[in-house]
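Source file: entry18.tsv; contents: TSV, C-alpha atoms and all ligand atoms.
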```
chain	number	residue	atom	x	y	z
A	897	MET	CA	-16.70	-81.16	105.88
A	898	ALA	CA	-19.13	-84.03	106.46
A	899	LYS	CA	-19.28	-85.56	109.93
A	900	VAL	CA	-20.09	-89.20	110.65
A	901	GLY	CA	-21.24	-89.98	114.20
A	902	LEU	CA	-21.16	-93.35	115.95
A	903	MET	CA	-23.53	-94.36	118.75
A	904	CYS	CA	-22.71	-97.56	120.62
A	905	GLY	CA	-22.70	-99.22	124.01
A	906	ARG	CA	-20.41	-101.88	125.45
A	907	GLU	CA	-18.44	-102.55	122.29
A	908	PHE	CA	-14.69	-102.28	122.38
A	909	SER	CA	-12.98	-103.35	119.17
A	910	PHE	CA	-15.31	-102.08	116.45
A	911	PRO	CA	-15.80	-98.41	117.53
A	912	PRO	CA	-12.16	-97.23	117.58
A	913	ALA	CA	-11.26	-99.24	114.47
A	914	PHE	CA	-14.28	-97.90	112.55
A	915	ILE	CA	-13.69	-94.27	113.55
A	916	ALA	CA	-9.99	-94.49	112.64
A	917	ARG	CA	-10.80	-96.10	109.26
A	918	VAL	CA	-13.38	-93.46	108.33
A	919	ASN	CA	-10.97	-90.69	109.26
A	920	GLU	CA	-8.25	-92.33	107.18
A	921	LEU	CA	-10.31	-93.20	104.10
A	922	GLY	CA	-12.44	-90.05	104.23
A	923	LYS	CA	-9.60	-87.56	104.60
A	924	LYS	CA	-9.34	-86.56	100.95
A	925	GLU	CA	-13.07	-85.90	100.69
A	926	GLY	CA	-13.37	-84.15	104.05
A	927	VAL	CA	-15.33	-86.88	105.85
A	928	THR	CA	-14.53	-87.23	109.55
A	929	ALA	CA	-15.89	-89.54	112.26
A	930	GLY	CA	-16.29	-89.51	116.03
A	931	PHE	CA	-18.65	-90.51	118.84
A	932	VAL	CA	-21.98	-88.67	118.96
A	933	LYS	CA	-22.30	-86.76	122.26
A	934	LEU	CA	-25.73	-85.77	123.57
A	935	GLY	CA	-27.04	-83.95	126.61
A	936	GLY	CA	-30.57	-82.81	125.82
A	937	THR	CA	-31.89	-82.12	122.34
A	938	LYS	CA	-33.60	-78.84	121.42
A	939	MET	CA	-36.38	-78.77	118.84
A	940	GLY	CA	-35.14	-77.63	115.47
A	941	GLU	CA	-31.50	-78.00	116.50
A	942	PRO	CA	-29.63	-78.30	113.19
A	943	ALA	CA	-28.12	-81.67	112.38
A	944	GLU	CA	-24.48	-81.85	113.36
A	945	TYR	CA	-23.92	-85.11	111.53
A	946	ARG	CA	-24.38	-86.01	107.90
A	947	VAL	CA	-24.52	-89.71	108.82
A	948	ILE	CA	-25.05	-91.48	112.14
A	949	VAL	CA	-24.41	-95.19	112.68
A	950	ASP	CA	-26.72	-96.34	115.47
A	951	ARG	CA	-25.77	-99.50	117.32
A	952	ILE	CA	-27.50	-98.87	120.65
A	953	SER	CA	-30.84	-97.06	120.43
A	954	HIS	CA	-32.69	-100.33	121.08
A	955	GLU	CA	-31.33	-100.09	124.64
A	956	VAL	CA	-31.57	-96.32	125.23
A	957	GLU	CA	-34.91	-94.77	124.34
A	958	TYR	CA	-33.61	-91.20	124.51
A	959	TYR	CA	-31.22	-92.06	121.70
A	960	ARG	CA	-34.08	-93.35	119.57
A	961	GLY	CA	-35.97	-90.10	120.14
A	962	TYR	CA	-32.87	-88.09	119.24
A	963	LEU	CA	-32.29	-90.13	116.07
A	964	LYS	CA	-35.81	-89.52	114.79
A	965	HIS	CA	-35.21	-85.83	115.31
A	966	ALA	CA	-31.88	-86.09	113.50
A	967	VAL	CA	-33.64	-87.62	110.46
A	968	LEU	CA	-36.04	-84.70	110.47
A	969	GLU	CA	-33.06	-82.36	110.36
A	970	GLY	CA	-31.54	-84.21	107.40
A	971	THR	CA	-29.17	-86.77	108.95
A	972	TYR	CA	-28.85	-90.12	107.22
A	973	VAL	CA	-29.26	-92.66	110.03
A	974	ILE	CA	-28.17	-96.29	109.68
A	975	ASN	CA	-30.51	-98.00	110.47
A	976	ASN	CA	-33.72	-96.04	109.96
A	977	PRO	CA	-34.96	-95.36	113.53
A	978	PHE	CA	-38.62	-95.15	112.52
A	979	TRP	CA	-38.67	-98.53	110.84
A	980	TRP	CA	-36.63	-100.19	113.57
A	981	THR	CA	-39.25	-98.97	116.07
A	982	ALA	CA	-42.10	-100.33	113.98
A	983	ASP	CA	-40.57	-103.65	113.06
A	984	ASP	CA	-40.84	-107.10	114.61
A	985	LYS	CA	-39.69	-110.55	113.61
A	986	TYR	CA	-43.12	-112.01	112.97
A	987	PHE	CA	-44.00	-109.22	110.55
A	988	ASN	CA	-40.65	-109.79	108.86
A	989	TYR	CA	-41.32	-113.49	108.41
A	990	SER	CA	-44.66	-112.68	106.82
A	991	VAL	CA	-43.21	-110.06	104.45
A	992	ALA	CA	-40.33	-112.30	103.42
A	993	SER	CA	-42.63	-115.25	102.87
A	994	LYS	CA	-44.82	-113.17	100.53
A	995	LEU	CA	-41.65	-112.17	98.67
A	996	GLY	CA	-40.87	-115.82	97.92
A	997	ILE	CA	-38.25	-116.49	100.59
A	998	ALA	CA	-38.35	-119.86	102.38
A	999	ILE	CA	-39.65	-119.24	105.90
A	1000	PRO	CA	-40.43	-121.85	108.55
A	1001	LYS	CA	-44.13	-122.05	109.41
A	1002	THR	CA	-44.63	-119.50	112.18
A	1003	VAL	CA	-47.44	-118.57	114.58
A	1004	LEU	CA	-47.66	-115.33	116.59
A	1005	LEU	CA	-48.85	-116.09	120.13
A	1006	PRO	CA	-50.68	-114.01	122.71
A	1007	GLN	CA	-48.16	-113.04	125.35
A	1008	LYS	CA	-48.04	-114.86	128.67
A	1009	GLY	CA	-48.01	-111.84	130.99
A	1010	TYR	CA	-49.25	-108.24	131.08
A	1011	PRO	CA	-48.61	-105.03	133.04
A	1012	ALA	CA	-50.16	-104.99	136.51
A	1013	ASP	CA	-53.07	-102.74	135.49
A	1014	VAL	CA	-54.28	-105.20	132.88
A	1015	ASP	CA	-56.90	-107.40	134.50
A	1016	ILE	CA	-56.63	-110.79	132.85
A	1017	ASN	CA	-59.99	-111.91	134.26
A	1018	SER	CA	-62.14	-109.06	132.99
A	1019	GLU	CA	-62.62	-106.83	129.96
A	1020	SER	CA	-58.98	-105.83	129.53
A	1021	LEU	CA	-58.39	-108.80	127.26
A	1022	ARG	CA	-61.82	-109.15	125.69
A	1023	ASN	CA	-60.29	-109.82	122.28
A	1024	LEU	CA	-58.48	-112.97	123.33
A	1025	THR	CA	-60.00	-116.42	123.12
A	1026	TYR	CA	-59.31	-118.97	125.80
A	1027	PRO	CA	-58.10	-121.66	126.07
A	1028	ILE	CA	-55.55	-121.54	123.27
A	1029	ASP	CA	-55.62	-124.57	120.97
A	1030	TRP	CA	-52.01	-125.56	121.68
A	1031	ASP	CA	-52.36	-128.95	120.01
A	1032	GLY	CA	-53.69	-127.33	116.86
A	1033	LEU	CA	-50.86	-124.81	116.76
A	1034	LEU	CA	-48.27	-127.56	117.28
A	1035	ASP	CA	-49.90	-129.65	114.55
A	1036	TYR	CA	-49.51	-126.64	112.23
A	1037	VAL	CA	-45.80	-125.96	112.87
A	1038	GLY	CA	-44.85	-129.59	113.56
A	1039	ARG	CA	-42.89	-131.18	116.40
A	1040	PRO	CA	-40.30	-130.38	117.60
A	1041	ALA	CA	-40.84	-126.63	117.42
A	1042	ILE	CA	-39.03	-123.47	118.41
A	1043	LEU	CA	-40.58	-120.96	120.81
A	1044	LYS	CA	-38.89	-117.56	120.63
A	1045	PRO	CA	-39.67	-113.85	121.09
A	1046	PHE	CA	-41.29	-111.91	118.25
A	1047	SER	CA	-38.69	-109.23	118.83
A	1048	GLY	CA	-35.36	-108.96	120.59
A	1049	GLY	CA	-32.25	-111.05	120.19
A	1050	GLY	CA	-29.17	-112.50	121.82
A	1051	TRP	CA	-30.66	-115.99	122.02
A	1052	LYS	CA	-32.81	-114.96	124.99
A	1053	HIS	CA	-35.96	-117.02	125.55
A	1054	VAL	CA	-35.32	-119.37	122.63
A	1055	TYR	CA	-36.67	-122.85	123.48
A	1056	LYS	CA	-36.83	-126.09	121.53
A	1057	VAL	CA	-39.95	-128.00	122.56
A	1058	HIS	CA	-41.03	-131.52	121.61
A	1059	ASN	CA	-44.62	-131.63	122.87
A	1060	LYS	CA	-47.38	-129.61	124.49
A	1061	GLU	CA	-46.05	-130.13	128.03
A	1062	GLU	CA	-42.63	-128.76	127.12
A	1063	LEU	CA	-44.21	-125.94	125.17
A	1064	LEU	CA	-46.36	-124.83	128.11
A	1065	GLU	CA	-43.47	-125.13	130.54
A	1066	ALA	CA	-41.35	-122.87	128.32
A	1067	TYR	CA	-44.21	-120.49	127.53
A	1068	ASP	CA	-44.82	-119.95	131.25
A	1069	LYS	CA	-41.34	-118.41	131.51
A	1070	THR	CA	-41.84	-115.85	128.76
A	1071	SER	CA	-43.86	-113.08	130.41
A	1072	PRO	CA	-44.09	-110.28	129.27
A	1073	TYR	CA	-42.80	-110.98	125.76
A	1074	PRO	CA	-44.98	-111.74	122.77
A	1075	MET	CA	-43.64	-115.01	121.38
A	1076	THR	CA	-43.64	-116.92	118.11
A	1077	LEU	CA	-43.98	-120.66	117.72
A	1078	GLN	CA	-41.99	-121.84	114.74
A	1079	GLU	CA	-41.33	-124.95	112.71
A	1080	PHE	CA	-37.97	-126.43	113.70
A	1081	ILE	CA	-35.57	-126.62	110.77
A	1082	ASP	CA	-33.24	-129.58	111.19
A	1083	PHE	CA	-30.43	-127.87	109.35
A	1084	GLY	CA	-27.18	-129.30	107.99
A	1085	GLN	CA	-25.59	-125.88	107.46
A	1086	TYR	CA	-26.10	-122.45	109.01
A	1087	VAL	CA	-25.10	-119.17	107.38
A	1088	ARG	CA	-24.90	-115.66	108.76
A	1089	CYS	CA	-24.76	-112.86	106.21
A	1090	PHE	CA	-23.20	-109.54	107.05
A	1091	THR	CA	-24.87	-106.81	105.04
A	1092	PHE	CA	-23.38	-103.44	104.21
A	1093	GLY	CA	-25.92	-101.27	102.49
A	1094	LYS	CA	-28.96	-103.18	101.30
A	1095	THR	CA	-27.33	-105.28	98.62
A	1096	ASP	CA	-23.67	-105.84	99.54
A	1097	ILE	CA	-23.99	-109.25	101.22
A	1098	LEU	CA	-21.24	-111.39	102.75
A	1099	PRO	CA	-22.40	-114.91	103.68
A	1100	VAL	CA	-20.32	-116.53	106.42
A	1101	ALA	CA	-20.38	-120.10	107.72
A	1102	TYR	CA	-21.62	-120.15	111.30
A	1103	ASP	CA	-21.74	-122.81	113.98
A	1104	PRO	CA	-24.79	-122.07	116.13
A	1105	LYS	CA	-23.86	-124.73	118.67
A	1106	GLU	CA	-20.54	-123.05	119.43
A	1107	ARG	CA	-21.93	-119.62	118.45
A	1108	LYS	CA	-18.87	-119.10	116.29
A	1109	TYR	CA	-18.15	-117.64	112.88
A	1110	LEU	CA	-16.03	-119.93	110.69
A	1111	VAL	CA	-13.65	-118.85	107.96
A	1112	GLU	CA	-14.62	-121.39	105.26
A	1113	HIS	CA	-14.84	-119.84	101.84
A	1114	SER	CA	-16.28	-122.86	100.04
A	1115	TYR	CA	-18.93	-123.62	102.66
A	1116	LEU	CA	-21.80	-123.07	100.22
A	1117	SER	CA	-22.13	-124.40	96.68
A	1118	LYS	CA	-22.20	-121.73	94.00
A	1119	GLU	CA	-25.97	-122.07	93.48
A	1120	LEU	CA	-26.80	-122.02	97.17
A	1121	GLY	CA	-24.49	-119.05	97.74
A	1122	ALA	CA	-26.20	-117.15	94.94
A	1123	ARG	CA	-29.65	-117.87	96.37
A	1124	VAL	CA	-28.62	-116.83	99.87
A	1125	VAL	CA	-27.22	-113.54	98.56
A	1126	LYS	CA	-30.31	-112.84	96.48
A	1127	ASP	CA	-32.69	-113.64	99.36
A	1128	ALA	CA	-30.67	-111.46	101.75
A	1129	GLN	CA	-30.79	-108.59	99.25
A	1130	THR	CA	-34.56	-108.97	98.88
A	1131	ILE	CA	-35.00	-108.90	102.66
A	1132	ASN	CA	-32.89	-105.78	103.12
A	1133	LEU	CA	-34.56	-103.96	100.24
A	1134	ALA	CA	-37.98	-104.80	101.67
A	1135	LEU	CA	-37.10	-103.77	105.23
A	1136	GLY	CA	-34.62	-100.98	104.50
A	1137	TYR	CA	-31.75	-102.26	106.63
A	1138	GLU	CA	-28.21	-101.29	105.66
A	1139	MET	CA	-26.37	-102.77	108.63
A	1140	ASN	CA	-27.75	-106.18	109.48
A	1141	THR	CA	-27.02	-109.86	109.77
A	1142	ILE	CA	-29.37	-112.27	108.08
A	1143	GLU	CA	-29.33	-115.89	109.21
A	1144	PHE	CA	-30.26	-118.91	107.10
A	1145	ALA	CA	-30.61	-122.54	108.17
A	1146	VAL	CA	-30.07	-124.86	105.21
A	1147	LYS	CA	-32.09	-128.05	104.98
A	1148	ASP	CA	-32.27	-130.27	101.87
A	1149	GLY	CA	-30.61	-127.52	99.83
A	1150	VAL	CA	-33.18	-124.88	100.83
A	1151	PRO	CA	-32.02	-121.81	102.80
A	1152	TYR	CA	-34.71	-120.96	105.37
A	1153	ALA	CA	-34.44	-117.39	106.68
A	1154	ILE	CA	-34.43	-117.73	110.49
A	1155	ASP	CA	-33.40	-114.39	111.92
A	1156	PHE	CA	-33.07	-111.16	109.99
A	1157	LEU	CA	-33.89	-108.40	112.43
A	1158	ASN	CA	-30.35	-107.79	113.68
A	1159	PRO	CA	-29.95	-104.05	113.01
A	1160	ALA	CA	-27.04	-103.75	115.49
A	1161	PRO	CA	-25.14	-106.91	114.59
A	1162	ASP	CA	-22.25	-108.20	116.63
A	1163	PHE	CA	-19.03	-106.69	115.24
A	1164	GLU	CA	-16.63	-107.60	118.05
A	1165	ARG	CA	-13.30	-108.93	116.78
A	1166	ASP	CA	-13.15	-111.96	119.11
A	1167	ARG	CA	-16.51	-113.25	118.02
A	1168	ILE	CA	-16.47	-112.57	114.29
A	1169	THR	CA	-12.78	-113.55	113.75
A	1170	GLU	CA	-9.92	-111.25	112.80
A	1171	PHE	CA	-10.55	-112.00	109.14
A	1172	TYR	CA	-14.17	-110.82	109.11
A	1173	PHE	CA	-13.50	-108.00	111.54
A	1174	GLU	CA	-11.12	-106.39	109.05
A	1175	HIS	CA	-13.72	-106.85	106.32
A	1176	VAL	CA	-16.52	-105.34	108.44
A	1177	VAL	CA	-14.47	-102.28	109.43
A	1178	GLU	CA	-13.48	-101.57	105.83
A	1179	LYS	CA	-16.99	-102.12	104.40
A	1180	MET	CA	-18.70	-100.06	107.10
A	1181	ALA	CA	-16.21	-97.21	106.66
A	1182	ARG	CA	-16.72	-97.17	102.89
A	1183	LEU	CA	-20.50	-97.36	103.32
A	1184	VAL	CA	-20.72	-94.32	105.59
A	1185	ILE	CA	-18.31	-92.28	103.46
A	1186	ASP	CA	-20.46	-93.01	100.42
A	1187	ARG	CA	-23.63	-92.07	102.32
A	1188	ALA	CA	-21.98	-88.90	103.70
A	1189	LEU	CA	-21.14	-87.80	100.17
A	1190	ASN	CA	-24.10	-89.18	98.20
A	1191	GLY	CA	-26.74	-90.38	100.66
A	1192	ASN	CA	-30.36	-89.52	100.18
A	1193	VAL	CA	-32.47	-89.90	103.32
A	1194	ALA	CA	-35.33	-91.41	101.31
A	1195	ASN	CA	-33.09	-94.40	100.59
A	1196	THR	CA	-33.27	-95.60	104.16
A	1197	TRP	CA	-36.98	-96.38	103.90
A	1198	PRO	CA	-38.22	-99.94	103.58
A	1199	ARG	CA	-39.80	-100.85	100.27
A	1200	TRP	CA	-42.05	-103.74	101.24
A	1201	GLU	CA	-45.24	-101.83	100.46
A	1202	GLU	CA	-44.09	-101.11	96.94
A	1203	MET	CA	-42.66	-104.60	96.43
A	1204	LEU	CA	-45.92	-106.22	97.51
A	1205	GLY	CA	-48.31	-103.60	96.15
A	1206	VAL	CA	-49.97	-102.95	99.51
A	1207	GLY	CA	-50.41	-100.01	101.91
A	1208	ALA	CA	-49.14	-96.72	100.54
A	1209	ALA	CA	-48.22	-98.40	97.27
A	1210	ALA	CA	-51.86	-99.34	96.82
A	1211	GLY	CA	-52.79	-95.65	96.96
A	1212	PHE	CA	-54.05	-95.40	100.58
A	1213	THR	CA	-57.60	-95.88	99.35
A	1214	GLY	CA	-58.33	-98.69	101.73
A	1215	ALA	CA	-59.80	-100.55	98.78
A	1216	PRO	CA	-59.51	-104.31	98.73
A	1217	ARG	CA	-56.89	-105.25	96.17
A	1218	ALA	CA	-59.34	-107.20	94.02
A	1219	ALA	CA	-61.59	-104.14	93.70
A	1220	GLN	CA	-58.65	-101.96	92.75
A	1221	ALA	CA	-57.43	-104.43	90.17
A	1222	ALA	CA	-60.90	-104.42	88.60
A	1223	GLY	CA	-60.68	-100.62	88.44
A	1224	SER	CA	-63.85	-100.09	90.45
A	1225	ALA	CA	-63.94	-97.74	93.41
A	1226	PRO	CA	-65.43	-99.44	96.47
A	1227	SER	CA	-68.69	-97.94	97.71
A	1228	GLY	CA	-68.16	-95.11	100.16
A	1229	SER	CA	-64.74	-94.17	98.85
A	1230	THR	CA	-63.93	-90.84	97.20
A	1231	LYS	CA	-63.11	-90.80	93.51
A	1232	ARG	CA	-59.72	-89.32	92.78
B	1301	LIG	N1	-36.91	-122.37	113.29
B	1301	LIG	C1	-35.72	-122.76	113.76
B	1301	LIG	N2	-35.23	-123.99	113.46
B	1301	LIG	C2	-34.03	-124.41	113.94
B	1301	LIG	N3	-33.25	-123.67	114.74
B	1301	LIG	C3	-33.68	-122.41	115.08
B	1301	LIG	C4	-34.94	-121.91	114.60
B	1301	LIG	N4	-35.11	-120.68	115.12
B	1301	LIG	C5	-34.02	-120.42	115.88
B	1301	LIG	N5	-33.16	-121.47	115.86
B	1301	LIG	C6	-31.86	-121.56	116.56
B	1301	LIG	O1	-31.85	-120.68	117.66
B	1301	LIG	C7	-30.89	-119.65	117.48
B	1301	LIG	C8	-31.43	-118.32	118.03
B	1301	LIG	O2	-32.63	-117.95	117.33
B	1301	LIG	P1	-32.79	-116.60	116.52
B	1301	LIG	O3	-34.05	-116.65	115.79
B	1301	LIG	O4	-31.55	-116.38	115.73
B	1301	LIG	O5	-32.93	-115.52	117.68
B	1301	LIG	P2	-31.92	-114.43	118.28
B	1301	LIG	O6	-32.46	-113.14	117.82
B	1301	LIG	O7	-32.00	-114.60	119.74
B	1301	LIG	O8	-30.56	-114.68	117.70
B	1301	LIG	C9	-30.58	-119.64	115.97
B	1301	LIG	O9	-29.27	-119.20	115.73
B	1301	LIG	C10	-30.74	-121.12	115.64
B	1301	LIG	O10	-29.56	-121.84	115.95
B	1302	MG	MG	-30.03	-114.98	115.73
```
Translate the structure described by the file into structure tokens.
Ligand SMILES: Nc1ncnc2c1ncn2[C@@H]1O[C@H](COP(=O)(O)OP(=O)(O)O)[C@@H](O)[C@H]1O
Ligand SMILES: [Mg+2]
Amino acid sequence: MAKVGLMCGREFSFPPAFIARVNELGKKEGVTAGFVKLGGTKMGEPAEYRVIVDRISHEVEYYRGYLKHAVLEGTYVINNPFWWTADDKYFNYSVASKLGIAIPKTVLLPQKGYPADVDINSESLRNLTYPIDWDGLLDYVGRPAILKPFSGGGWKHVYKVHNKEELLEAYDKTSPYPMTLQEFIDFGQYVRCFTFGKTDILPVAYDPKERKYLVEHSYLSKELGARVVKDAQTINLALGYEMNTIEFAVKDGVPYAIDFLNPAPDFERDRITEFYFEHVVEKMARLVIDRALNGNVANTWPRWEEMLGVGAAAGFTGAPRAAQAAGSAPSGSTKR
């Protein structure tokens, strides 16, 4: 028997449909599904679940702590709780850009507000320069621009600003969140890709004004569709996500990746349409059954270091890449 556990919050259509589908499709192979139930986690407690699908630990910190423990005990968690904790959208933009994906020009900004014990007039913030060169930053990303959080979602604190005055007015409302300032992409098409596993990608036409998924199978040309799928695969392989939506804004035939840190994507029937809901339930059920039978925990790790030849992939020597390429150990480092 292999158990699949689901963790979720205020979702109503996906959870029962998903659990029923796993139980139905997994019957022959002995895979069953149900809600994870927790009431205090003891160290070393053996993993009850072979796979857990996590759709809520960004809201409930205890769950995140439990999920890390579950990984340690051998559970395959979708999505990887360690990486989700470490990740942010600005880092993602930078990784994706280095991997050749079209990314709007983006600046990471110092946050507007701080906890009460941080004294903004003394040494607490000695590493910040003041005043910020707002004109220079706007010149870099262009006008209009988008101001939005470097993490989070749900369209909260997303502002379109046309000049410095509007930017500062919006920025003043964003305490305590670190924000990004981003080039505005005046898109003609917008695509949201459901992803099941890192490389099974389903691009869907999306209307951001109405915030609605559209069932339009020939929305993208063949070439554009192929590029969107390839870019979405690259992003998921780099960041390790297996349940995600990846959003692209298309301008002049180029798909710009706008939002791809959605590790608990909206799966509610009313919002994603009956057509895609059925698809999502089936694909998610098949994904977890496969992982329950064949999953290797190492597969949930992001691969950006290896793909870019940095960090651990560079051997943890701390050597500048140029020095490593030349084969010379930097002074002060230990020969291995
Ligand atoms: N750089 C951009 N250019 C044009 N529109 C954008 C840009 N960034 C965000 N948007 C618009 O704002 C919406 C919300 O931004 P997004 O980055 O997806 O954040 P969230 O995580 O809140 O969904 C997007 O769906 C898109 O319509
Ligand atoms: Mg979004």
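The interatomic distance for the pair CA of Pro942 (chain A) and CA of Val1184 (chain A) works out to 19.8 Å.
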Pick from A:Ile1185, A:Leu1033, A:Leu1043, A:Ala943 nearest to Asn919 (chain A), counting only C-alpha atoms: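 So, comparing all the options, the nearest one is A:Ile1185.
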Å distance separating CA of Cys1089 (chain A) from CA of Glu1174 (chain A), one decimal place: 15.4 Å
d(CA of Pro1161 (chain A), CA of Asp1148 (chain A)) in Å: 27.5 Å
Protein and nucleic residues near ligand MG 1302 (chain B), 12 Å, only C-alpha atoms and all ligand atoms, as a ChimeraX atom specification: /A:985,1044-1054,1086-1089,1102-1105,1107-1108,1140-1145,1153-1162
